[in-house]
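A.B. asks: So here's coords-v9.pdb (PDB, N, CA and C atoms, pLDDT in the B column).
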```pdb
ATOM      1  N   MET N   1     -32.121 205.036 135.479  1.00 78.00           N
ATOM      2  CA  MET N   1     -33.473 204.549 135.615  1.00 78.00           C
ATOM      3  C   MET N   1     -34.369 204.986 134.467  1.00 78.00           C
ATOM      4  N   ALA N   2     -34.011 206.062 133.809  1.00 88.00           N
ATOM      5  CA  ALA N   2     -34.825 206.538 132.688  1.00 88.00           C
ATOM      6  C   ALA N   2     -34.816 205.530 131.550  1.00 88.00           C
ATOM      7  N   ILE N   3     -33.675 204.869 131.364  1.00 92.00           N
ATOM      8  CA  ILE N   3     -33.584 203.867 130.299  1.00 92.00           C
ATOM      9  C   ILE N   3     -34.466 202.670 130.627  1.00 92.00           C
ATOM     10  N   VAL N   4     -34.491 202.277 131.901  1.00 91.00           N
ATOM     11  CA  VAL N   4     -35.337 201.150 132.317  1.00 91.00           C
ATOM     12  C   VAL N   4     -36.805 201.478 132.073  1.00 91.00           C
ATOM     13  N   LYS N   5     -37.192 202.709 132.416  1.00 90.00           N
ATOM     14  CA  LYS N   5     -38.575 203.131 132.198  1.00 90.00           C
ATOM     15  C   LYS N   5     -38.925 203.103 130.713  1.00 90.00           C
ATOM     16  N   GLN N   6     -38.008 203.584 129.875  1.00 92.00           N
ATOM     17  CA  GLN N   6     -38.261 203.572 128.435  1.00 92.00           C
ATOM     18  C   GLN N   6     -38.362 202.145 127.896  1.00 92.00           C
ATOM     19  N   LEU N   7     -37.526 201.243 128.407  1.00 93.00           N
ATOM     20  CA  LEU N   7     -37.591 199.846 127.965  1.00 93.00           C
ATOM     21  C   LEU N   7     -38.904 199.186 128.384  1.00 93.00           C
ATOM     22  N   VAL N   8     -39.355 199.482 129.588  1.00 93.00           N
ATOM     23  CA  VAL N   8     -40.633 198.930 130.053  1.00 93.00           C
ATOM     24  C   VAL N   8     -41.777 199.480 129.206  1.00 93.00           C
ATOM     25  N   GLU N   9     -41.745 200.762 128.915  1.00 93.00           N
ATOM     26  CA  GLU N   9     -42.786 201.355 128.076  1.00 93.00           C
ATOM     27  C   GLU N   9     -42.754 200.798 126.658  1.00 93.00           C
ATOM     28  N   LEU N  10     -41.559 200.571 126.132  1.00 94.00           N
ATOM     29  CA  LEU N  10     -41.429 199.983 124.798  1.00 94.00           C
ATOM     30  C   LEU N  10     -41.963 198.551 124.779  1.00 94.00           C
ATOM     31  N   ALA N  11     -41.638 197.782 125.806  1.00 95.00           N
ATOM     32  CA  ALA N  11     -42.155 196.416 125.906  1.00 95.00           C
ATOM     33  C   ALA N  11     -43.671 196.436 126.021  1.00 95.00           C
ATOM     34  N   SER N  12     -44.203 197.374 126.778  1.00 95.00           N
ATOM     35  CA  SER N  12     -45.652 197.514 126.926  1.00 95.00           C
ATOM     36  C   SER N  12     -46.305 197.809 125.578  1.00 95.00           C
ATOM     37  N   ALA N  13     -45.711 198.738 124.846  1.00 95.00           N
ATOM     38  CA  ALA N  13     -46.256 199.076 123.528  1.00 95.00           C
ATOM     39  C   ALA N  13     -46.190 197.887 122.580  1.00 95.00           C
ATOM     40  N   GLY N  14     -45.096 197.146 122.604  1.00 96.00           N
ATOM     41  CA  GLY N  14     -44.960 195.977 121.744  1.00 96.00           C
ATOM     42  C   GLY N  14     -45.987 194.905 122.062  1.00 96.00           C
ATOM     43  N   LEU N  15     -46.188 194.635 123.356  1.00 95.00           N
ATOM     44  CA  LEU N  15     -47.198 193.653 123.747  1.00 95.00           C
ATOM     45  C   LEU N  15     -48.598 194.126 123.381  1.00 95.00           C
ATOM     46  N   GLY N  16     -48.837 195.422 123.522  1.00 95.00           N
ATOM     47  CA  GLY N  16     -50.143 195.963 123.156  1.00 95.00           C
ATOM     48  C   GLY N  16     -50.433 195.831 121.674  1.00 95.00           C
ATOM     49  N   VAL N  17     -49.444 196.121 120.858  1.00 95.00           N
ATOM     50  CA  VAL N  17     -49.623 195.992 119.406  1.00 95.00           C
ATOM     51  C   VAL N  17     -49.846 194.530 119.026  1.00 95.00           C
ATOM     52  N   ALA N  18     -49.029 193.633 119.584  1.00 95.00           N
ATOM     53  CA  ALA N  18     -49.165 192.206 119.267  1.00 95.00           C
ATOM     54  C   ALA N  18     -50.531 191.683 119.705  1.00 95.00           C
ATOM     55  N   GLY N  19     -50.957 192.041 120.913  1.00 94.00           N
ATOM     56  CA  GLY N  19     -52.263 191.590 121.396  1.00 94.00           C
ATOM     57  C   GLY N  19     -53.407 192.126 120.561  1.00 94.00           C
ATOM     58  N   THR N  20     -53.311 193.391 120.168  1.00 92.00           N
ATOM     59  CA  THR N  20     -54.358 193.989 119.347  1.00 92.00           C
ATOM     60  C   THR N  20     -54.441 193.311 117.982  1.00 92.00           C
ATOM     61  N   LEU N  21     -53.306 193.050 117.361  1.00 93.00           N
ATOM     62  CA  LEU N  21     -53.313 192.391 116.053  1.00 93.00           C
ATOM     63  C   LEU N  21     -53.881 190.982 116.137  1.00 93.00           C
ATOM     64  N   ILE N  22     -53.517 190.248 117.182  1.00 92.00           N
ATOM     65  CA  ILE N  22     -54.047 188.889 117.343  1.00 92.00           C
ATOM     66  C   ILE N  22     -55.558 188.938 117.556  1.00 92.00           C
ATOM     67  N   LEU N  23     -56.019 189.849 118.401  1.00 89.00           N
ATOM     68  CA  LEU N  23     -57.467 189.953 118.616  1.00 89.00           C
ATOM     69  C   LEU N  23     -58.188 190.393 117.349  1.00 89.00           C
ATOM     70  N   PHE N  24     -57.589 191.298 116.598  1.00 87.00           N
ATOM     71  CA  PHE N  24     -58.201 191.738 115.339  1.00 87.00           C
ATOM     72  C   PHE N  24     -58.323 190.572 114.372  1.00 87.00           C
ATOM     73  N   ARG N  25     -57.297 189.736 114.310  1.00 87.00           N
ATOM     74  CA  ARG N  25     -57.288 188.630 113.358  1.00 87.00           C
ATOM     75  C   ARG N  25     -58.241 187.497 113.757  1.00 87.00           C
ATOM     76  N   TYR N  26     -58.339 187.209 115.042  1.00 84.00           N
ATOM     77  CA  TYR N  26     -59.052 186.004 115.449  1.00 84.00           C
ATOM     78  C   TYR N  26     -60.359 186.239 116.188  1.00 84.00           C
ATOM     79  N   SER N  27     -60.710 187.456 116.535  1.00 74.00           N
ATOM     80  CA  SER N  27     -61.928 187.592 117.319  1.00 74.00           C
ATOM     81  C   SER N  27     -62.965 188.496 116.674  1.00 74.00           C
ATOM     82  N   TYR N  28     -62.895 188.640 115.385  1.00 60.00           N
ATOM     83  CA  TYR N  28     -63.941 189.422 114.725  1.00 60.00           C
ATOM     84  C   TYR N  28     -65.284 188.778 115.010  1.00 60.00           C
ATOM     85  N   ALA N  29     -65.358 187.474 114.805  1.00 68.00           N
ATOM     86  CA  ALA N  29     -66.556 186.705 115.157  1.00 68.00           C
ATOM     87  C   ALA N  29     -66.240 185.232 114.948  1.00 68.00           C
ATOM     88  N   LEU N  30     -66.805 184.420 115.804  1.00 68.00           N
ATOM     89  CA  LEU N  30     -66.706 182.989 115.561  1.00 68.00           C
ATOM     90  C   LEU N  30     -67.708 182.648 114.464  1.00 68.00           C
ATOM     91  N   GLU N  31     -67.294 181.800 113.561  1.00 70.00           N
ATOM     92  CA  GLU N  31     -68.142 181.430 112.438  1.00 70.00           C
ATOM     93  C   GLU N  31     -69.349 180.629 112.930  1.00 70.00           C
ATOM     94  N   PRO N  32     -70.557 180.987 112.515  1.00 69.00           N
ATOM     95  CA  PRO N  32     -71.728 180.218 112.954  1.00 69.00           C
ATOM     96  C   PRO N  32     -71.819 178.884 112.203  1.00 69.00           C
ATOM     97  N   TYR N  33     -72.416 177.932 112.850  1.00 67.00           N
ATOM     98  CA  TYR N  33     -72.655 176.645 112.199  1.00 67.00           C
ATOM     99  C   TYR N  33     -73.752 176.802 111.168  1.00 67.00           C
ATOM    100  N   GLN N  34     -73.663 176.027 110.103  1.00 68.00           N
ATOM    101  CA  GLN N  34     -74.719 176.043 109.104  1.00 68.00           C
ATOM    102  C   GLN N  34     -75.922 175.280 109.655  1.00 68.00           C
ATOM    103  N   GLY N  35     -77.103 175.678 109.255  1.00 66.00           N
ATOM    104  CA  GLY N  35     -78.307 175.003 109.696  1.00 66.00           C
ATOM    105  C   GLY N  35     -78.945 175.656 110.899  1.00 66.00           C
ATOM    106  N   ASN N  36     -78.374 176.752 111.379  1.00 63.00           N
ATOM    107  CA  ASN N  36     -78.947 177.430 112.533  1.00 63.00           C
ATOM    108  C   ASN N  36     -80.099 178.353 112.166  1.00 63.00           C
ATOM    109  N   PHE N  37     -80.386 178.473 110.890  1.00 64.00           N
ATOM    110  CA  PHE N  37     -81.392 179.435 110.459  1.00 64.00           C
ATOM    111  C   PHE N  37     -82.598 178.760 109.821  1.00 64.00           C
ATOM    112  N   GLY N  38     -82.780 177.455 110.069  1.00 61.00           N
ATOM    113  CA  GLY N  38     -83.961 176.765 109.574  1.00 61.00           C
ATOM    114  C   GLY N  38     -83.821 176.141 108.200  1.00 61.00           C
ATOM    115  N   PHE N  39     -82.640 176.180 107.613  1.00 60.00           N
ATOM    116  CA  PHE N  39     -82.436 175.601 106.288  1.00 60.00           C
ATOM    117  C   PHE N  39     -81.724 174.264 106.425  1.00 60.00           C
ATOM    118  N   ARG N  40     -82.262 173.368 107.182  1.00 60.00           N
ATOM    119  CA  ARG N  40     -81.579 172.130 107.534  1.00 60.00           C
ATOM    120  C   ARG N  40     -81.318 171.239 106.318  1.00 60.00           C
ATOM    121  N   ASN N  41     -82.105 171.318 105.255  1.00 60.00           N
ATOM    122  CA  ASN N  41     -81.904 170.462 104.075  1.00 60.00           C
ATOM    123  C   ASN N  41     -80.600 170.797 103.360  1.00 60.00           C
ATOM    124  N   GLU N  42     -80.176 172.038 103.452  1.00 63.00           N
ATOM    125  CA  GLU N  42     -79.026 172.490 102.685  1.00 63.00           C
ATOM    126  C   GLU N  42     -77.745 172.541 103.512  1.00 63.00           C
ATOM    127  N   VAL N  43     -77.707 171.846 104.641  1.00 66.00           N
ATOM    128  CA  VAL N  43     -76.549 171.905 105.518  1.00 66.00           C
ATOM    129  C   VAL N  43     -75.452 170.988 105.002  1.00 66.00           C
ATOM    130  N   ASP N  44     -74.245 171.529 104.954  1.00 69.00           N
ATOM    131  CA  ASP N  44     -73.078 170.757 104.566  1.00 69.00           C
ATOM    132  C   ASP N  44     -72.353 170.332 105.844  1.00 69.00           C
ATOM    133  N   ASP N  45     -72.445 169.051 106.191  1.00 77.00           N
ATOM    134  CA  ASP N  45     -71.836 168.581 107.435  1.00 77.00           C
ATOM    135  C   ASP N  45     -70.316 168.700 107.408  1.00 77.00           C
ATOM    136  N   LYS N  46     -69.701 168.636 106.242  1.00 81.00           N
ATOM    137  CA  LYS N  46     -68.252 168.808 106.147  1.00 81.00           C
ATOM    138  C   LYS N  46     -67.862 170.222 106.584  1.00 81.00           C
ATOM    139  N   GLU N  47     -68.667 171.178 106.204  1.00 77.00           N
ATOM    140  CA  GLU N  47     -68.395 172.563 106.577  1.00 77.00           C
ATOM    141  C   GLU N  47     -68.521 172.742 108.089  1.00 77.00           C
ATOM    142  N   ASN N  48     -69.534 172.133 108.697  1.00 76.00           N
ATOM    143  CA  ASN N  48     -69.698 172.227 110.146  1.00 76.00           C
ATOM    144  C   ASN N  48     -68.551 171.540 110.877  1.00 76.00           C
ATOM    145  N   LYS N  49     -68.047 170.444 110.338  1.00 84.00           N
ATOM    146  CA  LYS N  49     -66.897 169.765 110.950  1.00 84.00           C
ATOM    147  C   LYS N  49     -65.648 170.632 110.850  1.00 84.00           C
ATOM    148  N   ARG N  50     -65.482 171.336 109.735  1.00 81.00           N
ATOM    149  CA  ARG N  50     -64.349 172.241 109.578  1.00 81.00           C
ATOM    150  C   ARG N  50     -64.435 173.382 110.599  1.00 81.00           C
ATOM    151  N   ILE N  51     -65.621 173.939 110.759  1.00 79.00           N
ATOM    152  CA  ILE N  51     -65.817 175.025 111.722  1.00 79.00           C
ATOM    153  C   ILE N  51     -65.517 174.527 113.135  1.00 79.00           C
ATOM    154  N   THR N  52     -65.984 173.333 113.469  1.00 82.00           N
ATOM    155  CA  THR N  52     -65.732 172.757 114.794  1.00 82.00           C
ATOM    156  C   THR N  52     -64.251 172.529 115.018  1.00 82.00           C
ATOM    157  N   ALA N  53     -63.539 172.118 113.982  1.00 85.00           N
ATOM    158  CA  ALA N  53     -62.096 171.875 114.122  1.00 85.00           C
ATOM    159  C   ALA N  53     -61.312 173.174 114.298  1.00 85.00           C
ATOM    160  N   GLU N  54     -61.751 174.256 113.660  1.00 81.00           N
ATOM    161  CA  GLU N  54     -61.035 175.533 113.735  1.00 81.00           C
ATOM    162  C   GLU N  54     -61.380 176.334 114.989  1.00 81.00           C
ATOM    163  N   ARG N  55     -62.503 176.073 115.598  1.00 83.00           N
ATOM    164  CA  ARG N  55     -62.972 176.890 116.722  1.00 83.00           C
ATOM    165  C   ARG N  55     -62.018 176.889 117.920  1.00 83.00           C
ATOM    166  N   PRO N  56     -61.470 175.747 118.361  1.00 87.00           N
ATOM    167  CA  PRO N  56     -60.547 175.796 119.512  1.00 87.00           C
ATOM    168  C   PRO N  56     -59.311 176.655 119.246  1.00 87.00           C
ATOM    169  N   HIS N  57     -58.820 176.639 118.012  1.00 87.00           N
ATOM    170  CA  HIS N  57     -57.656 177.466 117.670  1.00 87.00           C
ATOM    171  C   HIS N  57     -58.010 178.948 117.788  1.00 87.00           C
ATOM    172  N   LYS N  58     -59.173 179.326 117.274  1.00 86.00           N
ATOM    173  CA  LYS N  58     -59.587 180.729 117.356  1.00 86.00           C
ATOM    174  C   LYS N  58     -59.768 181.154 118.810  1.00 86.00           C
ATOM    175  N   LEU N  59     -60.366 180.293 119.622  1.00 87.00           N
ATOM    176  CA  LEU N  59     -60.555 180.629 121.030  1.00 87.00           C
ATOM    177  C   LEU N  59     -59.217 180.767 121.748  1.00 87.00           C
ATOM    178  N   ARG N  60     -58.268 179.879 121.445  1.00 91.00           N
ATOM    179  CA  ARG N  60     -56.935 179.952 122.061  1.00 91.00           C
ATOM    180  C   ARG N  60     -56.227 181.240 121.673  1.00 91.00           C
ATOM    181  N   MET N  61     -56.350 181.636 120.420  1.00 91.00           N
ATOM    182  CA  MET N  61     -55.701 182.865 119.964  1.00 91.00           C
ATOM    183  C   MET N  61     -56.370 184.097 120.581  1.00 91.00           C
ATOM    184  N   GLN N  62     -57.689 184.058 120.786  1.00 90.00           N
ATOM    185  CA  GLN N  62     -58.368 185.161 121.458  1.00 90.00           C
ATOM    186  C   GLN N  62     -57.847 185.317 122.880  1.00 90.00           C
ATOM    187  N   ARG N  63     -57.699 184.195 123.577  1.00 92.00           N
ATOM    188  CA  ARG N  63     -57.170 184.247 124.946  1.00 92.00           C
ATOM    189  C   ARG N  63     -55.734 184.756 124.967  1.00 92.00           C
ATOM    190  N   THR N  64     -54.947 184.335 123.988  1.00 94.00           N
ATOM    191  CA  THR N  64     -53.556 184.794 123.906  1.00 94.00           C
ATOM    192  C   THR N  64     -53.495 186.303 123.674  1.00 94.00           C
ATOM    193  N   GLY N  65     -54.290 186.812 122.753  1.00 93.00           N
ATOM    194  CA  GLY N  65     -54.324 188.246 122.479  1.00 93.00           C
ATOM    195  C   GLY N  65     -54.755 189.043 123.695  1.00 93.00           C
ATOM    196  N   LEU N  66     -55.748 188.542 124.419  1.00 93.00           N
ATOM    197  CA  LEU N  66     -56.205 189.234 125.614  1.00 93.00           C
ATOM    198  C   LEU N  66     -55.142 189.212 126.712  1.00 93.00           C
ATOM    199  N   LYS N  67     -54.439 188.099 126.852  1.00 95.00           N
ATOM    200  CA  LYS N  67     -53.356 188.021 127.846  1.00 95.00           C
ATOM    201  C   LYS N  67     -52.235 188.999 127.514  1.00 95.00           C
ATOM    202  N   LEU N  68     -51.916 189.145 126.229  1.00 96.00           N
ATOM    203  CA  LEU N  68     -50.890 190.109 125.834  1.00 96.00           C
ATOM    204  C   LEU N  68     -51.318 191.543 126.148  1.00 96.00           C
ATOM    205  N   LEU N  69     -52.592 191.848 125.919  1.00 95.00           N
ATOM    206  CA  LEU N  69     -53.078 193.188 126.249  1.00 95.00           C
ATOM    207  C   LEU N  69     -53.049 193.437 127.757  1.00 95.00           C
ATOM    208  N   ILE N  70     -53.414 192.437 128.545  1.00 96.00           N
ATOM    209  CA  ILE N  70     -53.362 192.586 130.000  1.00 96.00           C
ATOM    210  C   ILE N  70     -51.925 192.799 130.459  1.00 96.00           C
ATOM    211  N   ALA N  71     -50.985 192.040 129.877  1.00 96.00           N
ATOM    212  CA  ALA N  71     -49.571 192.216 130.222  1.00 96.00           C
ATOM    213  C   ALA N  71     -49.096 193.612 129.832  1.00 96.00           C
ATOM    214  N   SER N  72     -49.581 194.117 128.713  1.00 96.00           N
ATOM    215  CA  SER N  72     -49.225 195.466 128.276  1.00 96.00           C
ATOM    216  C   SER N  72     -49.684 196.510 129.286  1.00 96.00           C
ATOM    217  N   PHE N  73     -50.930 196.387 129.754  1.00 96.00           N
ATOM    218  CA  PHE N  73     -51.440 197.328 130.751  1.00 96.00           C
ATOM    219  C   PHE N  73     -50.671 197.210 132.059  1.00 96.00           C
ATOM    220  N   ALA N  74     -50.314 195.984 132.452  1.00 95.00           N
ATOM    221  CA  ALA N  74     -49.576 195.785 133.700  1.00 95.00           C
ATOM    222  C   ALA N  74     -48.190 196.431 133.599  1.00 95.00           C
ATOM    223  N   LEU N  75     -47.519 196.258 132.473  1.00 94.00           N
ATOM    224  CA  LEU N  75     -46.215 196.888 132.299  1.00 94.00           C
ATOM    225  C   LEU N  75     -46.322 198.410 132.284  1.00 94.00           C
ATOM    226  N   GLN N  76     -47.366 198.915 131.673  1.00 94.00           N
ATOM    227  CA  GLN N  76     -47.538 200.369 131.639  1.00 94.00           C
ATOM    228  C   GLN N  76     -47.799 200.900 133.048  1.00 94.00           C
ATOM    229  N   ALA N  77     -48.567 200.154 133.834  1.00 94.00           N
ATOM    230  CA  ALA N  77     -48.810 200.567 135.222  1.00 94.00           C
ATOM    231  C   ALA N  77     -47.508 200.534 136.022  1.00 94.00           C
ATOM    232  N   LEU N  78     -46.667 199.534 135.752  1.00 92.00           N
ATOM    233  CA  LEU N  78     -45.374 199.457 136.418  1.00 92.00           C
ATOM    234  C   LEU N  78     -44.487 200.638 136.035  1.00 92.00           C
ATOM    235  N   ALA N  79     -44.546 201.022 134.766  1.00 91.00           N
ATOM    236  CA  ALA N  79     -43.711 202.124 134.290  1.00 91.00           C
ATOM    237  C   ALA N  79     -44.070 203.451 134.946  1.00 91.00           C
ATOM    238  N   VAL N  80     -45.296 203.582 135.375  1.00 90.00           N
ATOM    239  CA  VAL N  80     -45.723 204.816 136.034  1.00 90.00           C
ATOM    240  C   VAL N  80     -44.962 205.005 137.342  1.00 90.00           C
ATOM    241  N   PHE N  81     -44.660 203.907 138.028  1.00 90.00           N
ATOM    242  CA  PHE N  81     -44.019 204.008 139.335  1.00 90.00           C
ATOM    243  C   PHE N  81     -42.483 203.969 139.287  1.00 90.00           C
ATOM    244  N   ILE N  82     -41.920 203.794 138.094  1.00 87.00           N
ATOM    245  CA  ILE N  82     -40.463 203.829 137.967  1.00 87.00           C
ATOM    246  C   ILE N  82     -40.035 205.289 137.886  1.00 87.00           C
ATOM    247  N   PRO N  83     -39.113 205.700 138.756  1.00 81.00           N
ATOM    248  CA  PRO N  83     -38.703 207.131 138.751  1.00 81.00           C
ATOM    249  C   PRO N  83     -37.921 207.507 137.501  1.00 81.00           C
TER     250      PRO N  83
END
```
Please rewrite the model in this file as structure tokens.

C.D. replies:
Amino acid sequence: MAIVKQLVELASAGLGVAGTLILFRYSYALEPYQGNFGFRNEVDDKENKRITAERPHKLRMQRTGLKLLIASFALQALAVFIP
């Protein structure tokens, strides 16, 4: 059973590292749209369209990273009860 506990803890650590890296990469901040600060004459609509196109991917990756971290905590909690 000690080997099973070590494998669960290793899997937990791996999921935690993966989730942390994904959150670090994709959730620093969502890029703001141009023109939100009163400079409407200088807004590049192509840039706003690019930001709009990339936003769902960033949100999906944030959710994925958070799910990996939750799975990591769940596995670690399970490992506590393995003799």

A.B. asks: For the PyMOL selection byres ((chain N and resi 62-71) around 7), applied here, can you spell out every residue it catches as a PyMOL selection string?

C.D. replies: chain N and resi 12+15-16+18-23+26-27+57-61+72-76

A.B. asks: Quick one: pull the distance between atom N of N:Asp45 and atom N of N:Glu31, Å, one decimal.

C.D. replies: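 Separating atom N of N:Asp45 from atom N of N:Glu31 is a distance of 15.6 Å.
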
A.B. asks: Report the distance between atom N of N:Ala11 and atom CA of N:Pro56 in Å, rounded to one decimal place.

C.D. replies: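 Separating atom N of N:Ala11 from atom CA of N:Pro56 is a distance of 29.7 Å.
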
A.B. asks: Kindly give the distance, in Å, that separates atom CA of N:Arg55 and atom CA of N:Arg25, rounded to a single decimal.

C.D. replies: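 The value is 13.5 Å.
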
A.B. asks: Determine which residues of chain N DSSP labels as alpha helix (DSSP H) from the backbone of this structure, then write them out as a PyMOL selection string.

C.D. replies: chain N and resi 2-26+45-81

A.B. asks: Name the closest residue to N:Pro83 among the candidates N:Ile51, N:Val17, N:Met1, N:Leu7; distances are taken between atoms, counting all atoms listed in the file.

C.D. replies: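 Going through N:Ile51, N:Val17, N:Met1, N:Leu7 one by one, the smallest distance to N:Pro83 is for N:Met1.
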
A.B. asks: Just need stretch 4-32 of chain N in a file, please: N, CA and C atoms, as a JSON list (two decimals), in the first residue's frame.

C.D. replies:
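Contents of result.json, freshly written:
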```json
[["chain", "number", "residue", "atom", "x", "y", "z"],
["N", 4, "VAL", "N", 1.24, 2.48, -3.51],
["N", 4, "VAL", "CA", 0.03, 3.12, -4.02],
["N", 4, "VAL", "C", -0.06, 4.55, -3.51],
["N", 5, "LYS", "N", 0.25, 4.74, -2.23],
["N", 5, "LYS", "CA", 0.22, 6.08, -1.65],
["N", 5, "LYS", "C", 1.23, 6.99, -2.34],
["N", 6, "GLN", "N", 2.43, 6.47, -2.59],
["N", 6, "GLN", "CA", 3.44, 7.27, -3.27],
["N", 6, "GLN", "C", 3.02, 7.62, -4.69],
["N", 7, "LEU", "N", 2.38, 6.68, -5.39],
["N", 7, "LEU", "CA", 1.92, 6.96, -6.75],
["N", 7, "LEU", "C", 0.81, 8.01, -6.76],
["N", 8, "VAL", "N", -0.08, 7.94, -5.79],
["N", 8, "VAL", "CA", -1.15, 8.94, -5.70],
["N", 8, "VAL", "C", -0.55, 10.31, -5.39],
["N", 9, "GLU", "N", 0.40, 10.36, -4.49],
["N", 9, "GLU", "CA", 1.05, 11.63, -4.17],
["N", 9, "GLU", "C", 1.83, 12.18, -5.35],
["N", 10, "LEU", "N", 2.48, 11.30, -6.10],
["N", 10, "LEU", "CA", 3.21, 11.73, -7.29],
["N", 10, "LEU", "C", 2.25, 12.27, -8.36],
["N", 11, "ALA", "N", 1.14, 11.59, -8.55],
["N", 11, "ALA", "CA", 0.13, 12.06, -9.50],
["N", 11, "ALA", "C", -0.42, 13.41, -9.05],
["N", 12, "SER", "N", -0.64, 13.57, -7.76],
["N", 12, "SER", "CA", -1.13, 14.83, -7.21],
["N", 12, "SER", "C", -0.13, 15.96, -7.49],
["N", 13, "ALA", "N", 1.14, 15.68, -7.24],
["N", 13, "ALA", "CA", 2.16, 16.69, -7.50],
["N", 13, "ALA", "C", 2.24, 17.04, -8.98],
["N", 14, "GLY", "N", 2.15, 16.05, -9.85],
["N", 14, "GLY", "CA", 2.19, 16.30, -11.28],
["N", 14, "GLY", "C", 1.02, 17.15, -11.75],
["N", 15, "LEU", "N", -0.18, 16.83, -11.27],
["N", 15, "LEU", "CA", -1.35, 17.63, -11.64],
["N", 15, "LEU", "C", -1.24, 19.04, -11.08],
["N", 16, "GLY", "N", -0.70, 19.17, -9.88],
["N", 16, "GLY", "CA", -0.52, 20.49, -9.30],
["N", 16, "GLY", "C", 0.45, 21.35, -10.09],
["N", 17, "VAL", "N", 1.54, 20.76, -10.51],
["N", 17, "VAL", "CA", 2.53, 21.51, -11.31],
["N", 17, "VAL", "C", 1.92, 21.91, -12.65],
["N", 18, "ALA", "N", 1.25, 20.96, -13.31],
["N", 18, "ALA", "CA", 0.64, 21.26, -14.62],
["N", 18, "ALA", "C", -0.41, 22.35, -14.49],
["N", 19, "GLY", "N", -1.27, 22.25, -13.48],
["N", 19, "GLY", "CA", -2.30, 23.27, -13.28],
["N", 19, "GLY", "C", -1.72, 24.63, -12.98],
["N", 20, "THR", "N", -0.68, 24.66, -12.16],
["N", 20, "THR", "CA", -0.04, 25.93, -11.82],
["N", 20, "THR", "C", 0.60, 26.57, -13.06],
["N", 21, "LEU", "N", 1.28, 25.78, -13.87],
["N", 21, "LEU", "CA", 1.91, 26.33, -15.07],
["N", 21, "LEU", "C", 0.87, 26.86, -16.05],
["N", 22, "ILE", "N", -0.23, 26.13, -16.22],
["N", 22, "ILE", "CA", -1.28, 26.60, -17.13],
["N", 22, "ILE", "C", -1.89, 27.90, -16.61],
["N", 23, "LEU", "N", -2.16, 27.96, -15.31],
["N", 23, "LEU", "CA", -2.72, 29.20, -14.76],
["N", 23, "LEU", "C", -1.73, 30.35, -14.86],
["N", 24, "PHE", "N", -0.46, 30.07, -14.64],
["N", 24, "PHE", "CA", 0.56, 31.12, -14.77],
["N", 24, "PHE", "C", 0.60, 31.65, -16.19],
["N", 25, "ARG", "N", 0.50, 30.76, -17.17],
["N", 25, "ARG", "CA", 0.61, 31.16, -18.56],
["N", 25, "ARG", "C", -0.63, 31.91, -19.06],
["N", 26, "TYR", "N", -1.81, 31.50, -18.63],
["N", 26, "TYR", "CA", -3.02, 32.03, -19.24],
["N", 26, "TYR", "C", -3.86, 32.92, -18.35],
["N", 27, "SER", "N", -3.55, 33.07, -17.08],
["N", 27, "SER", "CA", -4.46, 33.87, -16.27],
["N", 27, "SER", "C", -3.78, 35.05, -15.59],
["N", 28, "TYR", "N", -2.69, 35.50, -16.15],
["N", 28, "TYR", "CA", -2.07, 36.69, -15.58],
["N", 28, "TYR", "C", -3.07, 37.83, -15.63],
["N", 29, "ALA", "N", -3.67, 38.02, -16.80],
["N", 29, "ALA", "CA", -4.75, 39.00, -16.96],
["N", 29, "ALA", "C", -5.32, 38.84, -18.36],
["N", 30, "LEU", "N", -6.61, 39.04, -18.46],
["N", 30, "LEU", "CA", -7.20, 39.09, -19.79],
["N", 30, "LEU", "C", -6.87, 40.46, -20.38],
["N", 31, "GLU", "N", -6.52, 40.46, -21.64],
["N", 31, "GLU", "CA", -6.14, 41.69, -22.30],
["N", 31, "GLU", "C", -7.34, 42.63, -22.42],
["N", 32, "PRO", "N", -7.20, 43.89, -22.03],
["N", 32, "PRO", "CA", -8.34, 44.82, -22.16],
["N", 32, "PRO", "C", -8.54, 45.24, -23.62]]
```
